[in-house]
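Raw contents of data-v1.csv, CSV, C-alpha atoms:
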```csv
chain,number,residue,atom,x,y,z
A,12,MET,CA,-111.3,-31.0,14.9
A,13,LYS,CA,-109.2,-30.1,11.9
A,14,LYS,CA,-112.1,-31.0,9.6
A,15,GLY,CA,-114.5,-28.8,11.6
A,16,LEU,CA,-112.1,-25.9,11.4
A,17,LEU,CA,-112.0,-26.2,7.6
A,18,ASN,CA,-115.7,-26.4,7.4
A,19,PHE,CA,-116.0,-23.2,9.5
A,20,VAL,CA,-113.6,-21.3,7.3
A,21,ARG,CA,-115.4,-22.5,4.1
A,22,ASP,CA,-118.7,-21.4,5.5
A,23,ARG,CA,-117.4,-18.0,6.4
A,24,ILE,CA,-115.9,-17.5,2.9
A,25,MET,CA,-119.2,-18.6,1.2
A,26,GLY,CA,-121.1,-16.3,3.4
A,27,ALA,CA,-118.9,-13.3,2.5
A,28,VAL,CA,-119.3,-14.2,-1.2
A,29,ARG,CA,-123.1,-14.4,-0.9
A,30,LEU,CA,-123.1,-11.0,0.9
A,31,ALA,CA,-121.0,-9.4,-1.8
A,32,LEU,CA,-123.3,-10.7,-4.6
A,33,SER,CA,-126.5,-9.6,-2.9
A,34,PRO,CA,-128.4,-6.8,-4.6
A,35,THR,CA,-128.5,-4.7,-1.4
A,36,PHE,CA,-124.7,-4.8,-1.1
A,37,LEU,CA,-124.2,-3.9,-4.8
A,38,PHE,CA,-126.6,-1.1,-4.6
A,39,ILE,CA,-124.8,0.4,-1.5
A,40,LEU,CA,-121.5,0.0,-3.3
A,41,LEU,CA,-122.8,1.7,-6.4
A,42,GLY,CA,-124.2,4.6,-4.4
A,43,ALA,CA,-121.0,5.1,-2.5
A,44,ALA,CA,-119.0,5.2,-5.8
A,45,LEU,CA,-121.5,7.8,-7.3
A,46,LEU,CA,-121.2,10.0,-4.2
A,47,TRP,CA,-117.4,9.8,-4.3
A,48,TYR,CA,-117.3,10.7,-8.0
A,49,THR,CA,-119.8,13.5,-7.6
A,50,SER,CA,-117.7,15.0,-4.8
A,51,LYS,CA,-114.6,14.8,-7.0
A,52,LEU,CA,-116.3,16.6,-9.9
A,53,SER,CA,-117.1,19.6,-7.6
A,54,TYR,CA,-113.4,20.4,-7.4
A,55,ASP,CA,-111.6,22.8,-9.8
A,56,TYR,CA,-109.2,21.4,-12.3
A,57,GLU,CA,-106.9,22.7,-15.1
A,58,THR,CA,-106.5,20.4,-18.1
A,59,GLU,CA,-106.1,20.2,-21.8
A,60,MET,CA,-109.2,20.0,-23.9
A,61,PRO,CA,-109.6,19.4,-27.7
A,62,LEU,CA,-111.9,21.8,-29.5
A,63,THR,CA,-113.4,22.0,-33.0
A,64,ILE,CA,-113.8,25.5,-34.4
A,65,ARG,CA,-115.1,26.9,-37.7
A,66,ILE,CA,-113.8,30.2,-39.1
A,67,ASP,CA,-116.2,31.2,-41.9
A,68,ASP,CA,-116.3,27.9,-43.9
A,69,GLN,CA,-113.0,26.3,-42.7
A,70,LYS,CA,-112.8,23.8,-39.8
A,71,TYR,CA,-109.9,23.4,-37.5
A,72,ARG,CA,-109.0,21.0,-34.6
A,73,LEU,CA,-107.0,22.6,-31.8
A,74,THR,CA,-106.1,22.1,-28.1
A,75,ALA,CA,-106.8,24.6,-25.4
A,76,ILE,CA,-105.8,24.6,-21.7
A,77,VAL,CA,-109.0,25.2,-19.7
A,78,SER,CA,-109.7,25.7,-16.0
A,79,GLY,CA,-113.0,25.2,-14.1
A,80,ARG,CA,-115.2,22.9,-12.2
A,81,GLY,CA,-114.8,19.3,-13.0
A,82,SER,CA,-118.5,18.7,-13.9
A,83,ASN,CA,-118.3,21.5,-16.4
A,84,ILE,CA,-115.1,20.2,-18.0
A,85,LEU,CA,-116.7,16.7,-18.2
A,86,ALA,CA,-119.9,18.1,-19.8
A,87,HIS,CA,-117.8,19.9,-22.5
A,88,GLN,CA,-115.7,16.8,-23.2
A,89,LEU,CA,-118.8,14.7,-23.6
A,90,SER,CA,-120.0,17.1,-26.3
A,91,LEU,CA,-116.8,17.2,-28.3
A,92,LYS,CA,-118.8,16.9,-31.6
A,93,SER,CA,-120.1,20.5,-31.1
A,94,THR,CA,-118.4,23.1,-33.3
A,95,LEU,CA,-117.7,26.7,-32.2
A,96,GLY,CA,-118.3,29.0,-35.1
A,97,PHE,CA,-116.5,32.4,-35.7
A,98,THR,CA,-116.1,34.8,-38.5
A,99,LEU,CA,-112.7,36.2,-39.6
A,100,ASP,CA,-113.9,39.7,-38.5
A,101,GLU,CA,-114.1,38.5,-34.9
A,102,LEU,CA,-110.5,37.4,-34.8
A,103,VAL,CA,-107.1,39.1,-35.1
A,104,SER,CA,-104.9,37.8,-37.9
A,105,ARG,CA,-101.5,38.5,-39.5
A,106,PRO,CA,-99.7,37.4,-42.7
A,107,SER,CA,-98.4,33.9,-42.5
A,108,ARG,CA,-94.7,33.4,-42.5
A,109,GLU,CA,-95.0,29.9,-44.0
A,110,THR,CA,-97.8,30.0,-46.5
A,111,THR,CA,-98.1,32.7,-49.2
A,112,GLY,CA,-101.4,34.5,-49.1
A,113,ALA,CA,-102.6,32.8,-45.9
A,114,LEU,CA,-103.4,34.5,-42.6
A,115,THR,CA,-102.3,33.2,-39.2
A,116,ILE,CA,-104.9,33.6,-36.5
A,117,THR,CA,-103.4,34.9,-33.2
A,118,PRO,CA,-103.9,32.6,-30.2
A,119,ALA,CA,-104.8,35.6,-28.0
A,120,SER,CA,-107.8,36.5,-30.2
A,121,LEU,CA,-108.9,32.9,-30.3
A,122,GLN,CA,-108.6,32.6,-26.5
A,123,ARG,CA,-110.8,35.7,-26.1
A,124,ALA,CA,-113.4,34.5,-28.7
A,125,ILE,CA,-113.6,31.0,-27.3
A,126,GLY,CA,-114.0,32.4,-23.8
A,127,ASP,CA,-117.0,34.4,-25.0
A,128,LYS,CA,-118.6,31.2,-26.3
A,129,ILE,CA,-117.8,29.0,-23.3
A,130,ASP,CA,-118.7,31.1,-20.3
A,131,ASP,CA,-118.5,28.4,-17.6
A,132,LEU,CA,-114.8,27.6,-18.2
A,133,GLN,CA,-111.7,29.8,-18.1
A,134,ILE,CA,-109.7,29.5,-21.3
A,135,VAL,CA,-106.1,29.7,-20.0
A,136,GLN,CA,-104.2,29.3,-23.3
A,137,VAL,CA,-104.8,28.2,-26.9
A,138,LEU,CA,-101.9,26.0,-27.9
A,139,GLU,CA,-102.2,26.2,-31.8
A,140,ALA,CA,-102.4,29.1,-34.2
A,141,PRO,CA,-104.4,28.0,-37.2
A,142,GLU,CA,-103.8,29.4,-40.7
A,143,PHE,CA,-106.7,30.7,-42.6
A,144,LEU,CA,-106.5,30.6,-46.4
A,145,PRO,CA,-108.7,33.4,-48.0
A,146,VAL,CA,-110.8,32.6,-51.0
A,147,ALA,CA,-108.7,35.1,-53.0
A,148,ALA,CA,-105.7,32.7,-52.7
A,149,GLU,CA,-107.5,29.9,-54.4
A,150,ALA,CA,-107.1,29.3,-58.1
A,151,SER,CA,-110.9,29.0,-58.6
A,152,GLY,CA,-111.4,32.5,-57.4
A,153,SER,CA,-109.0,34.3,-59.7
A,154,ASP,CA,-111.7,36.2,-61.7
A,155,ASP,CA,-113.4,37.4,-58.5
A,156,GLY,CA,-110.0,38.3,-57.1
A,157,ALA,CA,-109.2,40.5,-60.1
A,158,ALA,CA,-112.5,42.3,-59.8
A,159,ALA,CA,-112.1,42.9,-56.1
A,160,ALA,CA,-108.5,44.2,-56.6
A,161,ASP,CA,-109.8,46.7,-59.2
A,162,ALA,CA,-112.5,47.8,-56.7
A,163,VAL,CA,-110.0,48.2,-53.8
A,164,GLY,CA,-107.3,50.0,-55.9
A,165,GLY,CA,-109.8,52.4,-57.4
A,166,ASP,CA,-109.2,51.5,-61.0
A,167,GLY,CA,-112.3,51.6,-63.1
A,168,ALA,CA,-114.4,53.3,-60.5
A,169,GLY,CA,-117.2,54.2,-62.9
A,170,SER,CA,-117.7,50.8,-64.4
A,171,GLY,CA,-117.3,49.2,-60.9
A,172,SER,CA,-120.0,51.3,-59.5
A,173,VAL,CA,-122.4,50.5,-62.4
A,174,GLU,CA,-121.7,46.8,-62.0
A,175,GLY,CA,-122.1,47.0,-58.2
A,176,SER,CA,-125.4,48.7,-58.5
A,177,ASP,CA,-126.7,46.1,-61.0
A,178,ALA,CA,-125.5,43.2,-58.8
A,179,GLY,CA,-127.0,44.9,-55.7
A,180,ALA,CA,-130.4,45.1,-57.4
A,181,ALA,CA,-130.3,41.4,-58.5
A,182,GLU,CA,-128.7,39.8,-55.4
A,183,THR,CA,-130.5,38.8,-52.2
A,184,PRO,CA,-129.4,40.2,-48.7
A,185,ARG,CA,-127.7,36.9,-48.0
A,186,GLU,CA,-125.7,37.0,-51.3
A,187,LYS,CA,-124.8,40.6,-50.6
A,188,ARG,CA,-123.3,39.6,-47.2
A,189,LYS,CA,-121.4,36.8,-48.8
A,190,ARG,CA,-120.0,39.1,-51.5
A,191,GLU,CA,-118.9,41.7,-48.9
A,192,ARG,CA,-117.3,39.0,-46.8
A,193,ARG,CA,-115.4,37.7,-49.8
A,194,GLU,CA,-114.2,41.2,-50.8
A,195,ARG,CA,-112.9,41.7,-47.2
A,196,ARG,CA,-111.0,38.5,-47.4
A,197,GLN,CA,-109.5,39.4,-50.8
A,198,ALA,CA,-108.5,42.8,-49.4
A,199,ARG,CA,-106.7,41.2,-46.5
A,200,ALA,CA,-105.0,38.8,-48.9
A,201,ALA,CA,-103.8,41.8,-51.0
A,202,GLU,CA,-102.6,43.6,-47.9
A,203,SER,CA,-100.6,40.5,-46.8
A,204,SER,CA,-99.0,40.2,-50.2
A,205,GLU,CA,-98.0,43.8,-50.1
A,206,ALA,CA,-96.6,43.4,-46.6
A,207,GLY,CA,-94.5,40.4,-47.7
A,208,ALA,CA,-93.2,42.4,-50.7
A,209,GLU,CA,-92.2,45.3,-48.5
A,210,VAL,CA,-90.4,43.0,-46.1
A,211,GLY,CA,-88.5,41.5,-49.0
A,212,ALA,CA,-87.6,44.9,-50.4
A,213,GLU,CA,-86.3,46.0,-47.0
A,214,SER,CA,-84.3,42.9,-46.6
A,215,SER,CA,-82.7,43.3,-50.0
A,216,GLU,CA,-81.9,47.0,-49.2
A,217,SER,CA,-80.3,46.1,-45.9
A,218,GLY,CA,-78.3,43.4,-47.6
A,219,SER,CA,-77.1,45.8,-50.3
A,220,GLU,CA,-76.0,48.3,-47.6
A,221,ILE,CA,-74.1,45.6,-45.7
A,222,GLY,CA,-72.4,44.5,-48.9
A,223,ALA,CA,-71.4,48.1,-49.8
A,224,ARG,CA,-69.8,48.5,-46.4
```
Would you give me this structure, written as structure tokens?
Amino acid sequence: MKKGLLNFVRDRIMGAVRLALSPTFLFILLGAALLWYTSKLSYDYETEMPLTIRIDDQKYRLTAIVSGRGSNILAHQLSLKSTLGFTLDELVSRPSRETTGALTITPASLQRAIGDKIDDLQIVQVLEAPEFLPVAAEASGSDDGAAAADAVGGDGAGSGSVEGSDAGAAETPREKRKRERRERRQARAAESSEAGAEVGAESSESGSEIGAR
């Protein structure tokens, strides 16, 4: 009787194993898992998502907190190689406190600009504030920076107008847009340098007043 009971238990176990390995059972199990996963993706979630952005010709990796349907978040996470492109004119910047001549892009302007590109998700917050280094701050662009400073300051207006007209006649529309964008960057860099100098002068004056008292 004991032997018969063992054979009965063994047969039941082998039957359950054969049922679990049958194609029909596996197909039903896979279908149930897909239905469960699909229903979960229809809910709304809030999570951190890495993004790659390009400002003019400079790339940055940053993290943003996004909110939206789970299927939309998954679709964007599967396409992480895609890069969101912006120009400096689309964003709001201020002089950097850490790097001389650089511009810090405000997270609020990045949040708004990214939200315009990704319309199926809500950008709750951008966690980083990238620093943009204009071409004028690079050593290779010193000659162009001097010419642009003369044009901005009004020195040599006559010669600058003649050179500008000659360059405008020879350059293509694409080169003209690049030149105008470079001049705007150089003007911003000059403004940031002037702002830093003014802040330093005010600090020294306040220090002198405190010392006099």
### Query
Do you have the atom CA of Gln88 of chain A-atom CA of Met60 of chain A distance handy?
7.3 Å
#### Entry: Two-atom distance - atom CA of Leu114 of chain A, atom CA of Glu142 of chain A (Å)
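Separation of atom CA of Leu114 of chain A and atom CA of Glu142 of chain A: 5.5 Å.
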### Message
List as a ChimeraX atom specification the protein and nucleic acid residues near Ile125 of chain A, meaning an atom at most 12 Å away when all atoms listed in the file are counted, but skip any in the same chain fewer than 6 places from it.
### Response
/A:62-66,73-77,94-97,101-102,118-119,131-137
Take the residues just selected and output them with C-alpha atoms as a CSV table (one decimal), in the coordinates of the input.
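What landed in out-v7.csv:
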```
chain,number,residue,atom,x,y,z
A,62,LEU,CA,-111.9,21.8,-29.5
A,63,THR,CA,-113.4,22.0,-33.0
A,64,ILE,CA,-113.8,25.5,-34.4
A,65,ARG,CA,-115.1,26.9,-37.7
A,66,ILE,CA,-113.8,30.2,-39.1
A,73,LEU,CA,-107.0,22.6,-31.8
A,74,THR,CA,-106.1,22.1,-28.1
A,75,ALA,CA,-106.8,24.6,-25.4
A,76,ILE,CA,-105.8,24.6,-21.7
A,77,VAL,CA,-109.0,25.2,-19.7
A,94,THR,CA,-118.4,23.1,-33.3
A,95,LEU,CA,-117.7,26.7,-32.2
A,96,GLY,CA,-118.3,29.0,-35.1
A,97,PHE,CA,-116.5,32.4,-35.7
A,101,GLU,CA,-114.1,38.5,-34.9
A,102,LEU,CA,-110.5,37.4,-34.8
A,118,PRO,CA,-103.9,32.6,-30.2
A,119,ALA,CA,-104.8,35.6,-28.0
A,131,ASP,CA,-118.5,28.4,-17.6
A,132,LEU,CA,-114.8,27.6,-18.2
A,133,GLN,CA,-111.7,29.8,-18.1
A,134,ILE,CA,-109.7,29.5,-21.3
A,135,VAL,CA,-106.1,29.7,-20.0
A,136,GLN,CA,-104.2,29.3,-23.3
A,137,VAL,CA,-104.8,28.2,-26.9
```
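Taking atom CA of Leu85 of chain A and atom CA of Asp130 of chain A as the two end points, the separation is 14.7 Å.
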### Message
When you count all atoms listed in the file, which of these residues is closest to Arg72 of chain A: A:Glu194, A:Thr183, A:Leu138, A:Pro145?
### Response
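Of all the options, A:Leu138 lies closest to Arg72 of chain A.
The shortest atom-to-atom distance to Leu99 of chain A, with only C-alpha atoms taken into account, belongs to A:Pro141 out of A:Gly26, A:Gly42, A:Pro34, A:Pro141.
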### Message
Applying 8 Å and all atoms listed in the file, which residues near Tyr56 of chain A remain after dropping the ones on its own chain fewer than 2 positions away? List them as number ranges by chain.
### Response
A: 54, 58, 78-81
